[in-house]
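Chemist: This is target_38.pdb, which holds PDB, C-alpha atoms:
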```
MODEL        1
ATOM      1  CA  MET A1162     248.109  88.399  64.905
ATOM      2  CA  LYS A1163     246.619  86.237  62.157
ATOM      3  CA  THR A1164     243.936  85.031  64.509
ATOM      4  CA  ILE A1165     242.929  88.590  65.401
ATOM      5  CA  ASN A1166     242.750  89.558  61.740
ATOM      6  CA  LYS A1167     240.553  86.577  60.911
ATOM      7  CA  VAL A1168     238.190  87.350  63.755
ATOM      8  CA  GLN A1169     237.981  91.014  62.810
ATOM      9  CA  THR A1170     237.341  90.186  59.165
ATOM     10  CA  ALA A1171     234.612  87.681  60.007
ATOM     11  CA  ALA A1172     233.048  90.071  62.478
ATOM     12  CA  ALA A1173     232.938  92.933  60.022
ATOM     13  CA  GLY A1174     231.385  90.719  57.364
ATOM     14  CA  LEU A1175     228.720  89.405  59.692
ATOM     15  CA  ALA A1176     227.840  92.900  60.916
ATOM     16  CA  VAL A1177     227.189  94.037  57.355
ATOM     17  CA  LEU A1178     225.116  90.943  56.588
ATOM     18  CA  LEU A1179     223.018  91.322  59.709
ATOM     19  CA  ALA A1180     222.444  94.996  59.082
ATOM     20  CA  LEU A1181     221.331  95.067  55.476
ATOM     21  CA  THR A1182     221.451  91.682  53.765
ATOM     22  CA  ALA A1183     218.609  90.767  51.475
ATOM     23  CA  CYS A1184     219.187  87.026  51.625
ATOM     24  CA  GLY A1185     215.891  86.598  53.452
ATOM     25  CA  GLY A1186     214.234  86.391  50.047
ATOM     26  CA  PRO A1187     211.626  88.467  48.258
ATOM     27  CA  ALA A1188     208.833  90.228  50.047
ATOM     28  CA  THR A1189     205.280  89.728  48.913
ATOM     29  CA  GLY A1190     201.912  91.008  50.023
ATOM     30  CA  THR A1191     200.135  94.319  50.259
ATOM     31  CA  GLN A1192     203.184  96.454  51.013
ATOM     32  CA  GLY A1193     204.625  96.330  47.525
ATOM     33  CA  ALA A1194     206.195  94.393  44.716
ATOM     34  CA  ASP A1195     208.017  91.092  45.009
ATOM     35  CA  ILE A1196     211.315  92.620  46.104
ATOM     36  CA  PRO A1197     213.518  91.955  49.125
ATOM     37  CA  LYS A1198     212.236  93.676  52.242
ATOM     38  CA  THR A1199     215.521  95.506  52.675
ATOM     39  CA  GLN A1200     214.963  97.177  49.297
ATOM     40  CA  ASN A1201     211.262  98.003  49.711
ATOM     41  CA  THR A1202     211.060 101.747  50.345
ATOM     42  CA  ARG A1203     207.312 102.119  49.753
ATOM     43  CA  ASP A1204     205.620 104.607  52.093
ATOM     44  CA  ILE A1205     202.775 102.736  53.755
ATOM     45  CA  SER A1206     201.068 106.024  54.620
ATOM     46  CA  GLU A1207     200.430 106.987  50.992
ATOM     47  CA  GLY A1208     196.778 107.918  50.645
ATOM     48  CA  VAL A1209     196.100 107.939  54.387
ATOM     49  CA  GLN A1210     194.022 110.943  55.417
ATOM     50  CA  PRO A1211     194.379 113.061  58.577
ATOM     51  CA  ASP A1212     192.172 112.176  61.548
ATOM     52  CA  PRO A1213     190.107 115.304  62.298
ATOM     53  CA  ALA A1214     189.922 114.454  66.015
ATOM     54  CA  ALA A1215     193.727 114.175  66.258
ATOM     55  CA  VAL A1216     194.275 117.355  64.219
ATOM     56  CA  ALA A1217     191.865 119.250  66.477
ATOM     57  CA  LEU A1218     194.090 118.460  69.471
ATOM     58  CA  LEU A1219     197.297 119.511  67.737
ATOM     59  CA  PRO A1220     199.015 122.607  69.203
ATOM     60  CA  GLU A1221     198.954 125.608  66.858
ATOM     61  CA  SER A1222     202.751 125.697  66.706
ATOM     62  CA  TYR A1223     202.792 122.301  64.976
ATOM     63  CA  LYS A1224     200.016 123.276  62.599
ATOM     64  CA  ALA A1225     201.968 126.389  61.637
ATOM     65  CA  LYS A1226     205.205 124.484  61.122
ATOM     66  CA  GLY A1227     203.522 121.604  59.311
ATOM     67  CA  GLU A1228     206.186 119.131  60.406
ATOM     68  CA  ILE A1229     206.979 116.795  63.279
ATOM     69  CA  THR A1230     210.360 115.238  64.116
ATOM     70  CA  VAL A1231     210.762 111.639  65.242
ATOM     71  CA  ALA A1232     213.986 110.284  66.764
ATOM     72  CA  MET A1233     214.983 106.672  66.053
ATOM     73  CA  ASP A1234     218.023 104.452  66.364
ATOM     74  CA  LEU A1235     218.027 103.080  62.815
ATOM     75  CA  SER A1236     220.096  99.985  63.564
ATOM     76  CA  SER A1237     217.597  97.315  64.671
ATOM     77  CA  PRO A1238     215.811  95.422  61.888
ATOM     78  CA  PRO A1239     212.979  94.604  61.446
ATOM     79  CA  MET A1240     211.790  97.332  63.808
ATOM     80  CA  THR A1241     213.874 100.332  62.763
ATOM     81  CA  PHE A1242     216.620 100.394  60.122
ATOM     82  CA  LEU A1243     217.800 101.835  56.818
ATOM     83  CA  ALA A1244     216.976 100.314  53.451
ATOM     84  CA  GLU A1245     219.770  99.221  51.158
ATOM     85  CA  ASP A1246     219.825 102.713  49.672
ATOM     86  CA  ASN A1247     221.301 103.707  53.073
ATOM     87  CA  THR A1248     218.899 106.647  53.133
ATOM     88  CA  THR A1249     215.295 105.512  53.603
ATOM     89  CA  PRO A1250     214.134 104.497  57.105
ATOM     90  CA  ILE A1251     212.146 101.255  56.921
ATOM     91  CA  GLY A1252     210.680  98.725  59.344
ATOM     92  CA  VAL A1253     207.761  98.636  61.743
ATOM     93  CA  ASN A1254     208.602 101.849  63.597
ATOM     94  CA  PRO A1255     209.144 104.010  60.492
ATOM     95  CA  ASP A1256     205.881 102.633  59.074
ATOM     96  CA  LEU A1257     203.934 103.542  62.196
ATOM     97  CA  ALA A1258     205.621 106.923  62.634
ATOM     98  CA  ARG A1259     204.661 107.821  59.063
ATOM     99  CA  LEU A1260     201.078 106.792  59.771
ATOM    100  CA  VAL A1261     200.975 108.865  62.961
ATOM    101  CA  ALA A1262     202.252 111.923  61.111
ATOM    102  CA  LYS A1263     199.613 111.459  58.406
ATOM    103  CA  LYS A1264     196.881 111.181  61.045
ATOM    104  CA  LEU A1265     198.103 114.510  62.413
ATOM    105  CA  GLY A1266     198.227 116.060  58.946
ATOM    106  CA  LEU A1267     201.964 116.744  59.267
ATOM    107  CA  LYS A1268     205.124 115.997  57.325
ATOM    108  CA  LEU A1269     207.533 113.672  59.119
ATOM    109  CA  LYS A1270     211.226 114.345  59.648
ATOM    110  CA  PHE A1271     213.434 111.441  60.748
ATOM    111  CA  GLU A1272     216.445 111.909  63.017
ATOM    112  CA  ASN A1273     218.750 108.894  63.243
ATOM    113  CA  THR A1274     220.399 108.925  66.657
ATOM    114  CA  ALA A1275     221.883 106.489  69.191
ATOM    115  CA  PHE A1276     219.266 104.928  71.457
ATOM    116  CA  ASP A1277     220.696 106.337  74.677
ATOM    117  CA  THR A1278     220.649 109.913  73.323
ATOM    118  CA  ILE A1279     216.969 109.910  72.328
ATOM    119  CA  ILE A1280     215.451 110.786  75.703
ATOM    120  CA  PRO A1281     217.896 113.653  76.420
ATOM    121  CA  GLY A1282     217.173 114.928  72.911
ATOM    122  CA  ILE A1283     213.412 114.933  73.485
ATOM    123  CA  ASP A1284     213.832 116.504  76.915
ATOM    124  CA  GLY A1285     216.039 119.179  75.370
ATOM    125  CA  GLY A1286     213.581 119.959  72.574
ATOM    126  CA  ARG A1287     215.641 118.607  69.663
ATOM    127  CA  TYR A1288     213.047 115.953  68.771
ATOM    128  CA  ASP A1289     209.254 115.952  69.122
ATOM    129  CA  PHE A1290     208.725 112.237  69.822
ATOM    130  CA  THR A1291     210.254 108.802  69.463
ATOM    131  CA  ALA A1292     209.012 105.498  68.073
ATOM    132  CA  THR A1293     211.955 103.167  68.617
ATOM    133  CA  THR A1294     210.721 100.063  70.488
ATOM    134  CA  MET A1295     211.088 101.709  73.890
ATOM    135  CA  SER A1296     209.265 100.361  76.939
ATOM    136  CA  ALA A1297     207.838 102.532  79.706
ATOM    137  CA  THR A1298     210.149 102.190  82.701
ATOM    138  CA  PRO A1299     209.703 104.258  85.885
ATOM    139  CA  GLU A1300     212.885 106.173  85.038
ATOM    140  CA  ARG A1301     211.704 107.057  81.541
ATOM    141  CA  LEU A1302     208.255 108.044  82.794
ATOM    142  CA  LYS A1303     209.862 110.741  84.917
ATOM    143  CA  VAL A1304     210.735 112.672  81.752
ATOM    144  CA  LEU A1305     208.399 111.251  79.094
ATOM    145  CA  ASP A1306     204.717 110.707  78.457
ATOM    146  CA  MET A1307     204.638 107.252  76.841
ATOM    147  CA  ILE A1308     201.844 105.835  74.701
ATOM    148  CA  ASN A1309     201.538 102.094  73.995
ATOM    149  CA  TYR A1310     201.550 100.973  70.355
ATOM    150  CA  LEU A1311     202.909  97.374  70.293
ATOM    151  CA  LYS A1312     203.566  94.286  72.366
ATOM    152  CA  GLY A1313     207.245  93.531  72.693
ATOM    153  CA  GLY A1314     209.381  90.874  74.343
ATOM    154  CA  SER A1315     212.993  89.871  74.974
ATOM    155  CA  ALA A1316     214.975  86.771  74.101
ATOM    156  CA  VAL A1317     218.502  85.408  74.369
ATOM    157  CA  ALA A1318     220.622  84.351  71.407
ATOM    158  CA  VAL A1319     223.487  81.883  71.956
ATOM    159  CA  PRO A1320     226.070  80.362  69.572
ATOM    160  CA  HIS A1321     224.622  78.180  66.826
ATOM    161  CA  GLY A1322     223.496  74.817  68.105
ATOM    162  CA  ASN A1323     223.737  76.000  71.723
ATOM    163  CA  PRO A1324     226.957  74.031  72.451
ATOM    164  CA  ASN A1325     226.864  74.964  76.153
ATOM    165  CA  ASN A1326     223.232  73.811  76.524
ATOM    166  CA  LEU A1327     222.219  77.165  78.006
ATOM    167  CA  THR A1328     218.680  77.992  79.061
ATOM    168  CA  ASN A1329     217.069  81.169  80.362
ATOM    169  CA  ASP A1330     217.738  79.860  83.872
ATOM    170  CA  THR A1331     221.398  78.850  83.427
ATOM    171  CA  LEU A1332     223.061  82.112  82.430
ATOM    172  CA  CYS A1333     224.706  82.651  85.827
ATOM    173  CA  GLY A1334     228.335  83.721  85.472
ATOM    174  CA  LYS A1335     228.020  84.018  81.692
ATOM    175  CA  ASN A1336     228.954  87.057  79.614
ATOM    176  CA  ILE A1337     225.724  88.271  78.040
ATOM    177  CA  GLY A1338     225.703  91.167  75.581
ATOM    178  CA  VAL A1339     223.169  93.985  75.975
ATOM    179  CA  THR A1340     222.893  97.225  74.007
ATOM    180  CA  LYS A1341     223.642 100.570  75.591
ATOM    181  CA  GLY A1342     220.569 102.323  76.953
ATOM    182  CA  SER A1343     218.225  99.401  76.266
ATOM    183  CA  THR A1344     215.664  98.068  78.735
ATOM    184  CA  GLN A1345     217.600  94.820  78.747
ATOM    185  CA  GLN A1346     220.695  96.646  80.007
ATOM    186  CA  LEU A1347     218.990  99.004  82.436
ATOM    187  CA  LYS A1348     216.343  96.769  83.946
ATOM    188  CA  HIS A1349     215.766  93.259  82.661
ATOM    189  CA  LEU A1350     219.255  91.753  82.896
ATOM    190  CA  PRO A1351     219.889  93.001  86.468
ATOM    191  CA  ASN A1352     216.482  91.705  87.573
ATOM    192  CA  VAL A1353     216.824  88.323  85.854
ATOM    193  CA  SER A1354     220.312  87.954  87.306
ATOM    194  CA  LYS A1355     218.952  88.688  90.775
ATOM    195  CA  TRP A1356     216.140  86.140  90.831
ATOM    196  CA  THR A1357     217.719  83.361  88.762
ATOM    197  CA  CYS A1358     221.266  83.592  90.113
ATOM    198  CA  GLU A1359     222.173  85.921  92.968
ATOM    199  CA  GLU A1360     219.243  85.057  95.252
ATOM    200  CA  LYS A1361     220.181  81.384  94.820
ATOM    201  CA  GLY A1362     223.819  81.912  95.742
ATOM    202  CA  LYS A1363     225.066  81.641  92.151
ATOM    203  CA  PRO A1364     227.347  84.117  90.347
ATOM    204  CA  ALA A1365     225.599  87.058  88.720
ATOM    205  CA  ILE A1366     225.085  87.277  84.983
ATOM    206  CA  ASN A1367     227.813  89.530  83.590
ATOM    207  CA  GLY A1368     226.221  92.102  81.301
ATOM    208  CA  VAL A1369     228.533  93.249  78.499
ATOM    209  CA  THR A1370     227.321  96.618  77.206
ATOM    210  CA  LEU A1371     227.733  97.126  73.459
ATOM    211  CA  PRO A1372     226.688  99.995  71.160
ATOM    212  CA  ASN A1373     224.144  98.092  69.024
ATOM    213  CA  VAL A1374     222.782  94.653  68.240
ATOM    214  CA  GLN A1375     225.001  94.169  65.167
ATOM    215  CA  GLU A1376     228.112  94.541  67.334
ATOM    216  CA  ALA A1377     226.631  92.223  69.955
ATOM    217  CA  LEU A1378     225.847  89.480  67.426
ATOM    218  CA  THR A1379     229.274  89.918  65.840
ATOM    219  CA  GLN A1380     230.914  89.333  69.215
ATOM    220  CA  LEU A1381     228.677  86.307  69.776
ATOM    221  CA  ASP A1382     229.660  84.849  66.412
ATOM    222  CA  SER A1383     233.343  85.251  67.262
ATOM    223  CA  LYS A1384     232.822  83.610  70.696
ATOM    224  CA  ARG A1385     233.775  86.704  72.681
ATOM    225  CA  ILE A1386     230.495  86.597  74.619
ATOM    226  CA  ASP A1387     228.197  83.726  75.581
ATOM    227  CA  GLY A1388     224.875  85.237  74.562
ATOM    228  CA  VAL A1389     222.946  88.320  73.485
ATOM    229  CA  PHE A1390     219.878  89.562  75.404
ATOM    230  CA  TYR A1391     217.783  91.739  73.104
ATOM    231  CA  ASP A1392     214.358  92.362  71.554
ATOM    232  CA  ALA A1393     212.944  89.048  70.352
ATOM    233  CA  SER A1394     211.741  90.486  67.035
ATOM    234  CA  ALA A1395     215.172  91.823  66.101
ATOM    235  CA  LEU A1396     216.877  88.540  66.988
ATOM    236  CA  ALA A1397     214.362  86.579  64.901
ATOM    237  CA  TRP A1398     215.014  88.884  61.941
ATOM    238  CA  ALA A1399     218.784  88.551  62.236
ATOM    239  CA  ASN A1400     218.475  84.760  62.449
ATOM    240  CA  GLU A1401     216.341  84.741  59.291
ATOM    241  CA  GLN A1402     218.787  86.932  57.404
ATOM    242  CA  GLN A1403     221.943  85.071  58.429
ATOM    243  CA  PRO A1404     221.080  81.487  59.418
ATOM    244  CA  ASN A1405     223.415  79.041  61.137
ATOM    245  CA  HIS A1406     225.264  81.677  63.140
ATOM    246  CA  PHE A1407     223.293  81.545  66.396
ATOM    247  CA  THR A1408     220.330  79.943  68.137
ATOM    248  CA  ILE A1409     217.512  81.793  69.906
ATOM    249  CA  LEU A1410     216.502  80.292  73.241
ATOM    250  CA  GLU A1411     212.849  79.367  73.694
ATOM    251  CA  PRO A1412     210.617  80.492  75.276
ATOM    252  CA  ARG A1413     211.160  84.239  75.395
ATOM    253  CA  MET A1414     212.697  85.508  78.606
ATOM    254  CA  ASP A1415     210.209  86.051  81.431
ATOM    255  CA  THR A1416     211.124  89.519  82.679
ATOM    256  CA  ARG A1417     208.095  89.778  85.003
ATOM    257  CA  THR A1418     207.158  93.074  83.382
ATOM    258  CA  ASN A1419     204.582  94.493  81.002
ATOM    259  CA  THR A1420     205.953  93.864  77.504
ATOM    260  CA  ASN A1421     204.206  96.735  75.731
ATOM    261  CA  VAL A1422     206.404  99.253  73.947
ATOM    262  CA  ALA A1423     205.480 102.908  73.650
ATOM    263  CA  MET A1424     206.086 106.075  71.699
ATOM    264  CA  GLY A1425     207.508 108.834  73.858
ATOM    265  CA  VAL A1426     207.009 112.591  74.034
ATOM    266  CA  LYS A1427     208.257 115.132  76.575
ATOM    267  CA  LYS A1428     206.516 114.872  79.945
ATOM    268  CA  GLY A1429     203.480 117.151  80.068
ATOM    269  CA  SER A1430     203.886 118.192  76.437
ATOM    270  CA  PRO A1431     200.891 119.905  74.788
ATOM    271  CA  LEU A1432     201.523 117.435  71.956
ATOM    272  CA  THR A1433     200.642 114.401  74.105
ATOM    273  CA  PRO A1434     196.822 114.392  73.621
ATOM    274  CA  ALA A1435     197.085 114.781  69.845
ATOM    275  CA  LEU A1436     199.790 112.095  69.618
ATOM    276  CA  GLN A1437     197.710 109.685  71.704
ATOM    277  CA  LYS A1438     194.672 110.270  69.485
ATOM    278  CA  ALA A1439     196.719 109.782  66.336
ATOM    279  CA  ILE A1440     198.258 106.537  67.620
ATOM    280  CA  GLN A1441     194.820 105.222  68.563
ATOM    281  CA  SER A1442     193.626 106.047  65.058
ATOM    282  CA  VAL A1443     196.595 104.136  63.617
ATOM    283  CA  LEU A1444     195.850 101.079  65.801
ATOM    284  CA  GLU A1445     192.346 101.004  64.335
ATOM    285  CA  SER A1446     193.562 101.316  60.736
ATOM    286  CA  PRO A1447     194.121  98.503  58.212
ATOM    287  CA  GLU A1448     197.635  99.830  57.606
ATOM    288  CA  TYR A1449     198.624  98.968  61.194
ATOM    289  CA  LYS A1450     197.917  95.263  60.719
ATOM    290  CA  GLU A1451     199.354  95.398  57.221
ATOM    291  CA  SER A1452     202.687  96.657  58.503
ATOM    292  CA  LEU A1453     202.899  94.146  61.337
ATOM    293  CA  GLU A1454     202.028  91.232  59.062
ATOM    294  CA  TYR A1455     204.568  92.340  56.461
ATOM    295  CA  TRP A1456     207.380  92.445  59.027
ATOM    296  CA  GLY A1457     206.332  89.146  60.653
ATOM    297  CA  LEU A1458     204.956  90.689  63.847
ATOM    298  CA  ALA A1459     201.196  90.164  63.550
ATOM    299  CA  GLU A1460     201.089  88.788  67.110
ATOM    300  CA  SER A1461     202.422  92.101  68.422
ATOM    301  CA  ALA A1462     199.233  94.071  67.628
ATOM    302  CA  ILE A1463     197.375  95.853  70.436
ATOM    303  CA  THR A1464     194.082  97.713  70.428
ATOM    304  CA  GLU A1465     194.484 100.531  72.971
ATOM    305  CA  ALA A1466     196.931 103.443  72.801
ATOM    306  CA  LYS A1467     197.143 103.829  76.552
ATOM    307  CA  ILE A1468     199.097 106.747  77.983
ATOM    308  CA  ARG A1469     201.559 105.602  80.639
TER     309      ARG A1469
ENDMDL
END
```
Rewrite the structure of this file - the entire thing - as C-alpha cells.

Modeler:
Amino acid sequence: MKTINKVQTAAAGLAVLLALTACGGPATGTQGADIPKTQNTRDISEGVQPDPAAVALLPESYKAKGEITVAMDLSSPPMTFLAEDNTTPIGVNPDLARLVAKKLGLKLKFENTAFDTIIPGIDGGRYDFTATTMSATPERLKVLDMINYLKGGSAVAVPHGNPNNLTNDTLCGKNIGVTKGSTQQLKHLPNVSKWTCEEKGKPAINGVTLPNVQEALTQLDSKRIDGVFYDASALAWANEQQPNHFTILEPRMDTRTNTNVAMGVKKGSPLTPALQKAIQSVLESPEYKESLEYWGLAESAITEAKIR
C-alpha cells in the first residue's frame, strides 16, 4: 500500500508541474513583459483590425450576433492551455483564434472541452469552429471543412535516459500511451505498428489510451507505460518545464502523412469561406510569426490557408 501511495503522490505532483509550472523561466520578446510564459495573459490581437475581405464573406447571422465560439481542449501546452490564473486560455492556438476573430470583426468565446467531444459539438451546432492542433484525417473531413494553419509533427517520449534503448523502430510489444481522440490514437500508432512491427512478424505496439497528455506523462514517469506518442511541440514544452523526467526520441516519428494541422468548421458551413479568408490574413500578419516565435514554434509557420 505504501508503494501505491508514493506512486500516486509523485504522479499527482508531476501532473501539476507539467500542466502549469513556470519553472521554464521568464518570457521575453514582443509578446509582453519579462514574466513566465504561464503567467503572460496578454492578448496578442490587441490593436489588430478586421480584414474587410474576410468580413465581407461573413454570414449575416454572425455579424448580427457579433461573436464566434471556438472549442479547444485546454490541456496541451504550449499549444492550448490555461494560464496560472486558471481562467485565461493561452498558447499558440488561443493566440491564433483571437487573431482570426479580430480579422472577422467578432468577439471570441472560448469553450474548454475534451478533445474527442469537439467534433460532435461542432456537428451539433454547439461550437462554431475549433483550433486545437487537429489534423485533417479522412474521417474528420466527412464532417468538417478543415483549413491549414500550422505544420505539426509527432514524437515519442520515453523514461529519462532511455534505459531500454528504444528507437522509433523498436517499439514492438511496448505499451505506448496515446490520448483519447488524438490522431496518434486513431491513425498514426496503428499505422506505425503495422509497418514497423506486424508486417515484419513482430508483436504489435500496444496503444494505451489516456484522457490527456499530463496523465500519459505521469504514467510514464511512474513506469506504468514504456512511452508516450504525442504532438512533438507539447512534449518539448513538457520536457522544458520539468527536465530529467523523460527523454524525447529523435528524429520525430515518420507517420507517412501530411503533418499540417487545421482549424475545423462544420462541413459545408456558410462560415467556411470567411474563416478561410481570415486565417489566410492571419498567416500573412506579423502577429502570426510573433506568436510562433514566442512559443518556440517558428519552424511550424506555413503560408497558405488551404481548405482540405

Chemist: What is the distance between CA of Thr1230 in chain A and CA of Phe1271 in chain A, in Å to one decimal?

Modeler: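 Separating CA of Thr1230 in chain A from CA of Phe1271 in chain A is a distance of 5.9 Å.
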
Chemist: Counting only C-alpha atoms, what is within 10 Å of Ile1279 in chain A, bar same-chain residues fewer than 2 positions away, as a PyMOL selection string?

Modeler: chain A and resi 1231-1234+1272-1277+1281-1285+1287-1288+1290-1291+1293+1342+1425

Chemist: I'd like the contact shell of Ile1337 in chain A - 7 Å cut-off, only C-alpha atoms, skipping same-chain residues fewer than 2 positions apart - returned as a list in words.

Modeler: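 The residues satisfying every condition are Lys1335, Val1339, Asn1367, Gly1368, Val1369, Ile1386, Asp1387, Gly1388, Val1389 and Phe1390 of chain A.
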
Chemist: Of the residues A:Ile1308, A:Ile1205, A:Leu1267, A:Leu1350, which is the one nearest to Asp1415 in chain A, using only C-alpha atoms?

Modeler: A:Leu1350

Chemist: Quick one: residues within 9 Å of range 1446-1450 of chain A, all atoms listed in the file counted, chain neighbours fewer than 5 positions away excluded, as a ChimeraX atom specification?

Modeler: /A:1205-1206,1209,1256-1257,1260,1441,1455,1458-1459,1462

Chemist: Taking all atoms listed in the file into account, name the residue in A:Ala1244, A:Ile1196, A:Ala1262, A:Val1317 that is nearest to Ala1435 in chain A.

Modeler: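 That would be A:Ala1262, the residue with the smallest distance to Ala1435 in chain A.
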
Chemist: Using only C-alpha atoms, which of A:Gln1437, A:Asn1419, A:Ser1343, A:Thr1298 sits nearest Asn1373 in chain A?

Modeler: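 Ranking A:Gln1437, A:Asn1419, A:Ser1343, A:Thr1298 by distance to Asn1373 in chain A, first place goes to A:Ser1343.
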
Chemist: Work out how far apart CA of Thr1241 in chain A and CA of Ala1225 in chain A are and give it in Å to one decimal.

Modeler: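 Computing it gives 28.7 Å between the two atoms.
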
Chemist: Which residue gives the smallest distance to Pro1412 in chain A among A:Ile1366, A:Ala1393, A:Ala1258, A:Leu1436, with all atoms listed in the file counted?

Modeler: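 Distance minimum relative to Pro1412 in chain A lands on A:Ala1393.
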
Chemist: Figure out the distance between CA of Leu1265 in chain A and CA of Asp1246 in chain A, please, to one decimal in Å.

Modeler: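 CA of Asp1246 in chain A sits 27.8 Å away from CA of Leu1265 in chain A.
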
Chemist: Just checking: using all atoms listed in the file, which residue out of A:Val1374, A:Leu1453, A:Cys1333, A:Leu1410 ends up closest to Pro1238 in chain A?

Modeler: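 Among A:Val1374, A:Leu1453, A:Cys1333, A:Leu1410, it is A:Val1374 that comes nearest to Pro1238 in chain A.
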
Chemist: I would like the residues chosen by the PyMOL selection byres ((chain A and resi 1438) around 9) on the shown file; could you give them as an mmCIF file with C-alpha atoms, in the frame of the given file?

Modeler:
```
data_model
loop_
_atom_site.group_PDB
_atom_site.id
_atom_site.type_symbol
_atom_site.label_atom_id
_atom_site.label_comp_id
_atom_site.auth_asym_id
_atom_site.auth_seq_id
_atom_site.Cartn_x
_atom_site.Cartn_y
_atom_site.Cartn_z
ATOM 1 C CA ASP A 1212 192.172 112.176 61.548
ATOM 2 C CA ALA A 1214 189.922 114.454 66.015
ATOM 3 C CA ALA A 1215 193.727 114.175 66.258
ATOM 4 C CA VAL A 1216 194.275 117.355 64.219
ATOM 5 C CA LEU A 1218 194.090 118.460 69.471
ATOM 6 C CA LYS A 1264 196.881 111.181 61.045
ATOM 7 C CA LEU A 1265 198.103 114.510 62.413
ATOM 8 C CA THR A 1433 200.642 114.401 74.105
ATOM 9 C CA PRO A 1434 196.822 114.392 73.621
ATOM 10 C CA ALA A 1435 197.085 114.781 69.845
ATOM 11 C CA LEU A 1436 199.790 112.095 69.618
ATOM 12 C CA GLN A 1437 197.710 109.685 71.704
ATOM 13 C CA ALA A 1439 196.719 109.782 66.336
ATOM 14 C CA ILE A 1440 198.258 106.537 67.620
ATOM 15 C CA GLN A 1441 194.820 105.222 68.563
ATOM 16 C CA SER A 1442 193.626 106.047 65.058
ATOM 17 C CA VAL A 1443 196.595 104.136 63.617
ATOM 18 C CA ALA A 1466 196.931 103.443 72.801
#
```

Chemist: Applying the PyMOL selection byres ((chain A and resi 1200) around 6) to the file I just gave you, which residues come out? Please list them as JSON, numbers by chain.

Modeler: {"A": [1197, 1198, 1199, 1201, 1244, 1245]}

Chemist: Grab the residues selected above and save them as a compact mmCIF listing (two decimals), in the coordinates of the input with C-alpha atoms.

Modeler:
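Listed below is the output, selection39.txt:
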```
# COMPACT_ATOMS: atom_id res chain seq x y z
CA PRO A 1197 213.52 91.96 49.12
CA LYS A 1198 212.24 93.68 52.24
CA THR A 1199 215.52 95.51 52.68
CA ASN A 1201 211.26 98.00 49.71
CA ALA A 1244 216.98 100.31 53.45
CA GLU A 1245 219.77 99.22 51.16
```

Chemist: Could you list the residues chosen by the PyMOL selection byres ((chain A and resi 1427) around 7) in this structure as a VMD selection string?

Modeler: chain A and resid 1283 to 1284 1304 to 1306 1425 to 1426 1428 to 1430

Chemist: Is it possible to get the axis-aligned box enclosing range 1349-1366 of chain A (all listed atoms, 5 Å extra per side) as AutoDock Vina command-line options, with centre and edge lengths in Å rounded to one decimal?

Modeler:
```
--center_x 221.6 --center_y 87.3 --center_z 89.2 --size_x 21.6 --size_y 21.9 --size_z 23.1
```

Chemist: Tell me which of A:Ser1237, A:Asn1336, A:Ser1296, A:Thr1202 sits closest to Ala1399 in chain A, counting all atoms listed in the file.

Modeler: A:Ser1237

Chemist: Select, counting all atoms listed in the file, all protein, DNA and RNA residues no farther than 6 Å from (192.1, 101.1, 70.0) in file coordinates, and express the selection as an MDAnalysis selection string.

Modeler: chainID A and resid 1441 1444:1445 1464:1465

Chemist: Which residues are close to Trp1356 in chain A, i.e. within 12 Å by only C-alpha atoms, leaving aside same-chain residues fewer than 6 positions away? Reply as a compact mmCIF listing (two decimals) with C-alpha atoms, keeping the file's coordinate frame.

Modeler:
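Once everything was written out, this is result.txt:
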```
# COMPACT_ATOMS: atom_id res chain seq x y z
CA ASN A 1329 217.07 81.17 80.36
CA ASP A 1330 217.74 79.86 83.87
CA THR A 1331 221.40 78.85 83.43
CA LEU A 1332 223.06 82.11 82.43
CA CYS A 1333 224.71 82.65 85.83
CA HIS A 1349 215.77 93.26 82.66
CA LEU A 1350 219.26 91.75 82.90
CA GLY A 1362 223.82 81.91 95.74
CA LYS A 1363 225.07 81.64 92.15
CA PRO A 1364 227.35 84.12 90.35
CA ALA A 1365 225.60 87.06 88.72
CA ILE A 1366 225.08 87.28 84.98
CA ASP A 1415 210.21 86.05 81.43
CA THR A 1416 211.12 89.52 82.68
CA ARG A 1417 208.10 89.78 85.00
```

Chemist: When you get a chance, write out N, CA, C and O atoms for range 1449-1455 of chain A, as a tab-separated table (two decimals), keeping the file's coordinate frame.

Modeler:
```
chain	number	residue	atom	x	y	z
A	1449	TYR	N	197.93	99.46	59.99
A	1449	TYR	CA	198.62	98.97	61.19
A	1449	TYR	C	198.85	97.46	61.09
A	1449	TYR	O	199.99	96.97	61.21
A	1450	LYS	N	197.79	96.72	60.83
A	1450	LYS	CA	197.92	95.26	60.72
A	1450	LYS	C	198.73	94.88	59.49
A	1450	LYS	O	199.50	93.91	59.52
A	1451	GLU	N	198.59	95.67	58.43
A	1451	GLU	CA	199.35	95.40	57.22
A	1451	GLU	C	200.85	95.47	57.49
A	1451	GLU	O	201.62	94.60	57.05
A	1452	SER	N	201.26	96.50	58.20
A	1452	SER	CA	202.69	96.66	58.50
A	1452	SER	C	203.19	95.51	59.37
A	1452	SER	O	204.24	94.93	59.09
A	1453	LEU	N	202.45	95.20	60.43
A	1453	LEU	CA	202.90	94.15	61.34
A	1453	LEU	C	202.98	92.80	60.62
A	1453	LEU	O	203.92	92.03	60.83
A	1454	GLU	N	202.00	92.50	59.79
A	1454	GLU	CA	202.03	91.23	59.06
A	1454	GLU	C	203.20	91.18	58.09
A	1454	GLU	O	203.88	90.15	57.95
A	1455	TYR	N	203.47	92.29	57.42
A	1455	TYR	CA	204.57	92.34	56.46
A	1455	TYR	C	205.90	92.06	57.13
A	1455	TYR	O	206.75	91.34	56.58
```
